[in-house]
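For reference, the structure is listed below as structure tokens.
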Amino acid sequence: MKRTDDRLLPVLLICAQAMVWPGAPLVRGAVPAPTMASLLVAALVATVVTAALALRRTRPVTTLVVVAAACALGAGPLPAGAMAVLGTAGVALALFTVATERDAFTAVLCVVALAAWQLLGISLHGLSDRDGLDLVLTALLYAATCGAGLLVRRTRRARRAAEQLLERAESERHRLPAVERRRMERELHDVSAHHLTAVVVTAGAALGLRERRPELAEEALEFAVETGREVTRALGAVRAPTPSRGDVPAPEERLLDLVAGFRRLDQRVDCEIDPLPDGAVAEAAYGIVREALTNVARYAPGAQTKVLCRYGDTRTDVVVTSTTPRAGAVAHGAGLGGGRGQGFLRSRAREAGGTVHSGPTAEGGWEVRAVLPGRTATTAEPSAPRAYRVAQVVAAAGLVLQPLLPALIIRPEDTSSGTRVSAGVFFALLAAGQAVALLWLRRAPRTAYGMLLGLALLWPAAMAAGNYSGPVLLPPALSLLATCAALALAPTRTATRRKGPERGSDRPAPARGHVTTVFLTVLVHAAAATTAVLDRGTAAPVWAVIAGTTAGATLTGTAAHLVGRLRTRRRQADRRVHDERLAAWTEEAVRDAWTERRRIAAGLETTVLTRTTDMVTEAEAGRLDATATRAREALAAMRALLDTVREGETGPELRPQPTLQALDLLAHQLRATGRDIEIRLTDRVPERLPTAVDLVAYRAAETVLAAAGEEPAMLELDVDDGTLTLTATGVPRAADSAVRERLTTRVESLGGTVTTGPQGTVRLRLPLAVSPGDEEREREL
């Protein structure tokens, strides 16, 4: 289909050109008739142009150069009109393809080069006008074609980005539960391998040296109590990880604390650790070092170990090397592993974008070596291909130097010998000013509209100053065309737009803003057209001229405005459908992942936590043998839980509703779909909230963050005077009527409030004290 489309337009252009010339002169019987030489040249040019345009999508810049050169060479010796269609529509089609298929710099460069060519007096179409109006119309054609192509390119790119975002969201919807399951598996393994293994090793050493060093038993019991409580806290963090990392110490501090903890287990560990930035690399490095040191404590107690962490520009090296264990050392932790350590090491390195290898050393020890990304791994962007840059330079040079090719065959009578400034020069300057105004339309709509309306009043003066004798309504129509383009492209950016919404209100800009803009457009352009007609002179009454120009400006301006409104509504409808699908997939992904977390957490509470609590109880009672036994039982329960973690998935009808403890899952899902989301919880937010408040707060946070766009957004939760406050910034669409209505419906059920502020700020307040009726009603929802 694409190949047919590429050939269809060039063929239609050839047919149109044949109808204009030589078809029209032959039908009229013009004298002199077209000669065979002229027909041969026209046929050759048409063949070259058609062949080039058929390949315009694969080589757009080359196509534009070939088409422009062929039309310029043909316009010289051929009669007027012989290149009228190919030199205008053909070049515009090639330029449009450049704008849609290449970057904006290349497109603008081509437009500037073609415009400069026209100013040098070389025509691609062979048409001329005494006032220079042909130059203005040609330049406007090139500019409008380039602008339309860039608009189409931007629309396509936005559509592709939206489609890719939906594809990523759908992929993450199925992947997030598995990611959460793997995260909990890995964290549970790390907790059991590090903390509980340390208790078993310490207790075993104390029991072995009970006769010679009885003080070790007391130290082992104290260590067991402290470690048991740490296991409880760590497992709580596994069940409900924080969505932000505000209170987490620096990565190098965490690694140094880890090494210090193993030194307290009588492990000889040296370390050289560079500062690391927060992120996936630091998390992977910490997990790899912890797993490697735990294995040393299990299988090679007392071995000399060295931890090396080097953070470089291109790579991060993490190396843990241990020697052979000391003679006579007893490996009390041998046999405690579940065989998952190496797999978790590889998964950590792979998720960070690196690799890990482990194996024996030449001296009989063991080494774990990981290579992770460095400083430039996430910031370096691929440079543009050299051939592409060369093509840009060649295109610019070729388009600028093309006037030298047909200069020898330009007819002397086509050049103007007058010294006066033609109307075309004035028109070109005014058209350039309007083009600049259109470029500023998105950034400064008021200024852009002011420039367009102000320049519209100068067109009659330019007609008088340049002694323009062409169609009297053509220059005012060109001016009106630019303003109508502004109305069609940005109808909602009117001159009466509010500076900001009122407090607690989400009403859009009033409709009178659009009416005022259209009214000013009609008034200014009708006045300009009336002035131009009256200056030229007319037999019609003044009132008829005013009525005619006003009616024409009204119809044209209103039509452009309606086209823009329709375009905006279609875009908003597409965005609404896109957001609804994205929100639905996000909700489903978070709920499935939350179900996995709750299922695994239930196993923790009934097995591992119970046995860990028993271990702490035995240690506090001073029973060292029972403490070691309970630690081994906790390890065995952890292994059994990891073995069965993939079994017994909960059906959709039994899925629990997410609470604020699922905010980390929500943040992960949103970040995975390309959005910059930050969630912060202050220390004043309790771990457990009333059920109704917990559910409503999560749903409100989900609604607010779903309305976030490409801009960075932050959600902060705080508690003060018995009120939970959710403050979101960087979410301009949170003040939209649909989003605000959903938020209000949620929070009003608990007596909460919703307020909006400037710069995309929305604040929700929920009282922590709720009635039993509200609690029960929210659970049912």
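For the structure tokens, the naming scheme is as follows: chains receive sequential letters (A, B, ...) according to their order of presentation, residues are indexed from 1 within each chain, and ligands are indexed from 1 in presentation order.
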Tell me, as a CSV table (one decimal) with all heavy atoms, in the first residue's frame, which residues lie within 8 Å of Leu453 (chain A), counting only C-alpha atoms; anything in the same chain fewer than 3 positions away does not count.
```csv
chain,number,residue,atom,x,y,z
A,449,TYR,N,-0.8,36.3,18.9
A,449,TYR,CA,-2.0,36.8,18.4
A,449,TYR,C,-1.9,38.3,18.2
A,449,TYR,O,-2.4,38.9,17.2
A,449,TYR,CB,-3.2,36.5,19.3
A,449,TYR,CG,-3.8,35.1,19.0
A,449,TYR,CD1,-3.7,34.1,20.0
A,449,TYR,CD2,-4.5,34.8,17.9
A,449,TYR,CE1,-4.2,32.8,19.8
A,449,TYR,CE2,-5.0,33.5,17.7
A,449,TYR,CZ,-4.8,32.6,18.6
A,449,TYR,OH,-5.3,31.3,18.4
A,450,GLY,N,-1.3,39.0,19.1
A,450,GLY,CA,-1.1,40.4,19.0
A,450,GLY,C,-0.3,40.8,17.7
A,450,GLY,O,-0.6,41.7,17.0
A,456,ALA,N,-1.6,42.4,10.3
A,456,ALA,CA,-2.6,42.4,9.4
A,456,ALA,C,-3.0,43.8,9.0
A,456,ALA,O,-3.4,44.0,7.8
A,456,ALA,CB,-3.9,41.7,10.0
A,457,LEU,N,-2.9,44.8,9.9
A,457,LEU,CA,-3.2,46.1,9.5
A,457,LEU,C,-2.2,46.8,8.6
A,457,LEU,O,-2.5,47.9,8.1
A,457,LEU,CB,-3.4,46.9,10.8
A,457,LEU,CG,-4.5,46.5,11.8
A,457,LEU,CD1,-4.5,47.3,13.1
A,457,LEU,CD2,-5.9,46.7,11.1
A,483,THR,N,-3.6,34.1,10.4
A,483,THR,CA,-4.4,34.1,11.6
A,483,THR,C,-5.3,32.9,11.8
A,483,THR,O,-5.5,32.4,12.9
A,483,THR,CB,-5.2,35.4,11.7
A,483,THR,OG1,-4.4,36.5,11.5
A,483,THR,CG2,-5.9,35.6,13.0
A,521,THR,N,-10.3,38.9,15.5
A,521,THR,CA,-9.8,38.5,14.2
A,521,THR,C,-10.7,39.1,13.1
A,521,THR,O,-10.2,39.6,12.0
A,521,THR,CB,-9.8,37.0,14.1
A,521,THR,OG1,-8.9,36.5,15.1
A,521,THR,CG2,-9.3,36.5,12.7
A,524,VAL,N,-10.3,43.1,12.8
A,524,VAL,CA,-9.0,43.6,12.3
A,524,VAL,C,-8.9,43.2,10.8
A,524,VAL,O,-8.6,44.1,9.9
A,524,VAL,CB,-7.8,43.0,13.0
A,524,VAL,CG1,-6.5,43.3,12.3
A,524,VAL,CG2,-7.8,43.6,14.5
A,525,HIS,N,-9.2,42.0,10.4
A,525,HIS,CA,-9.1,41.6,9.0
A,525,HIS,C,-10.1,42.2,8.1
A,525,HIS,O,-9.9,42.6,6.9
A,525,HIS,CB,-9.1,40.1,8.9
A,525,HIS,CG,-7.8,39.5,9.4
A,525,HIS,ND1,-6.7,39.4,8.7
A,525,HIS,CD2,-7.5,38.9,10.6
A,525,HIS,CE1,-5.7,38.8,9.3
A,525,HIS,NE2,-6.2,38.4,10.5
```
(request) Write out as an MDAnalysis selection string the residues lying within 12 Å of region 39-50 of chain A, counting only C-alpha atoms and excluding same-chain residues fewer than 6 positions away. (result) chainID A and resid 6:18 21:23 26 33 56 62:87 89:91 93:94 124
Print the selection's residues with C-alpha atoms to a file, as a PDB file, in the first residue's frame.
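Here's the written file result_24.pdb:
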```
ATOM      1  CA  ASP A   6       4.362   6.813  -3.253  1.00  0.00           C
ATOM      2  CA  ARG A   7       3.727   6.402  -6.984  1.00  0.00           C
ATOM      3  CA  LEU A   8       0.202   7.797  -7.069  1.00  0.00           C
ATOM      4  CA  LEU A   9       0.928  11.420  -6.188  1.00  0.00           C
ATOM      5  CA  PRO A  10       3.775  11.867  -8.706  1.00  0.00           C
ATOM      6  CA  VAL A  11       1.559  10.449 -11.459  1.00  0.00           C
ATOM      7  CA  LEU A  12      -1.245  12.843 -10.520  1.00  0.00           C
ATOM      8  CA  LEU A  13       1.217  15.741 -10.610  1.00  0.00           C
ATOM      9  CA  ILE A  14       2.376  14.733 -14.095  1.00  0.00           C
ATOM     10  CA  CYS A  15      -1.216  14.612 -15.295  1.00  0.00           C
ATOM     11  CA  ALA A  16      -1.968  18.031 -13.810  1.00  0.00           C
ATOM     12  CA  GLN A  17       1.175  19.484 -15.373  1.00  0.00           C
ATOM     13  CA  ALA A  18       0.264  18.037 -18.773  1.00  0.00           C
ATOM     14  CA  TRP A  21       1.147  22.780 -20.331  1.00  0.00           C
ATOM     15  CA  PRO A  22       1.184  21.740 -23.129  1.00  0.00           C
ATOM     16  CA  GLY A  23      -2.502  20.734 -22.843  1.00  0.00           C
ATOM     17  CA  LEU A  26      -2.787  23.155 -27.558  1.00  0.00           C
ATOM     18  CA  ALA A  33       2.604  26.162 -30.629  1.00  0.00           C
ATOM     19  CA  ARG A  56      10.931  10.366  -1.661  1.00  0.00           C
ATOM     20  CA  THR A  62      18.173  13.685  -2.203  1.00  0.00           C
ATOM     21  CA  THR A  63      14.714  13.748  -3.760  1.00  0.00           C
ATOM     22  CA  LEU A  64      14.281  17.434  -2.913  1.00  0.00           C
ATOM     23  CA  VAL A  65      17.669  18.308  -4.429  1.00  0.00           C
ATOM     24  CA  VAL A  66      16.930  16.379  -7.627  1.00  0.00           C
ATOM     25  CA  VAL A  67      13.412  17.790  -8.024  1.00  0.00           C
ATOM     26  CA  ALA A  68      14.496  21.376  -7.388  1.00  0.00           C
ATOM     27  CA  ALA A  69      17.443  21.115  -9.771  1.00  0.00           C
ATOM     28  CA  ALA A  70      15.356  19.528 -12.526  1.00  0.00           C
ATOM     29  CA  CYS A  71      12.597  22.139 -12.215  1.00  0.00           C
ATOM     30  CA  ALA A  72      15.122  24.990 -12.230  1.00  0.00           C
ATOM     31  CA  LEU A  73      16.829  23.643 -15.352  1.00  0.00           C
ATOM     32  CA  GLY A  74      13.477  23.164 -17.080  1.00  0.00           C
ATOM     33  CA  ALA A  75      12.009  26.549 -16.119  1.00  0.00           C
ATOM     34  CA  GLY A  76      14.757  28.417 -17.970  1.00  0.00           C
ATOM     35  CA  PRO A  77      14.304  27.384 -21.632  1.00  0.00           C
ATOM     36  CA  LEU A  78      10.629  26.371 -21.427  1.00  0.00           C
ATOM     37  CA  PRO A  79       7.666  28.742 -21.856  1.00  0.00           C
ATOM     38  CA  ALA A  80       5.786  30.160 -18.880  1.00  0.00           C
ATOM     39  CA  GLY A  81       3.646  27.524 -17.204  1.00  0.00           C
ATOM     40  CA  ALA A  82       5.666  24.562 -18.406  1.00  0.00           C
ATOM     41  CA  MET A  83       6.890  23.923 -14.831  1.00  0.00           C
ATOM     42  CA  ALA A  84       3.960  25.564 -12.998  1.00  0.00           C
ATOM     43  CA  VAL A  85       2.742  22.368 -11.280  1.00  0.00           C
ATOM     44  CA  LEU A  86       6.007  20.466 -10.871  1.00  0.00           C
ATOM     45  CA  GLY A  87       7.877  23.573  -9.677  1.00  0.00           C
ATOM     46  CA  ALA A  89       3.369  21.219  -5.921  1.00  0.00           C
ATOM     47  CA  GLY A  90       6.203  18.834  -6.851  1.00  0.00           C
ATOM     48  CA  VAL A  91       8.797  20.736  -4.814  1.00  0.00           C
ATOM     49  CA  LEU A  93       5.656  17.407  -1.902  1.00  0.00           C
ATOM     50  CA  ALA A  94       9.389  16.703  -1.679  1.00  0.00           C
ATOM     51  CA  LEU A 124      11.413  26.748 -10.121  1.00  0.00           C
TER      52      LEU A 124
END
```
(message) Could you check the closest approach to Gln661 (chain A) for each of A:Val238, A:Ile600, A:Leu255, A:Val577 and tell me which residue wins, using only C-alpha atoms?
(response) A:Val238
(request) May I ask which of the residues A:Val472, A:Ala532, A:Val518, A:Val225 is the closest one to Asp614 (chain A), counting only C-alpha atoms? (result) A:Val225
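Of note, CA of Leu562 (chain A) and CA of Ala488 (chain A) are spaced 7.6 Å apart.
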(message) Here is a test: counting only C-alpha atoms, which residue of A:Gln657, A:Ala464, A:Thr138, A:Asp313 is nearest to Ser123 (chain A)?
(response) A:Thr138
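CA of Trp440 (chain A) is positioned 10.8 Å from CA of Leu452 (chain A).
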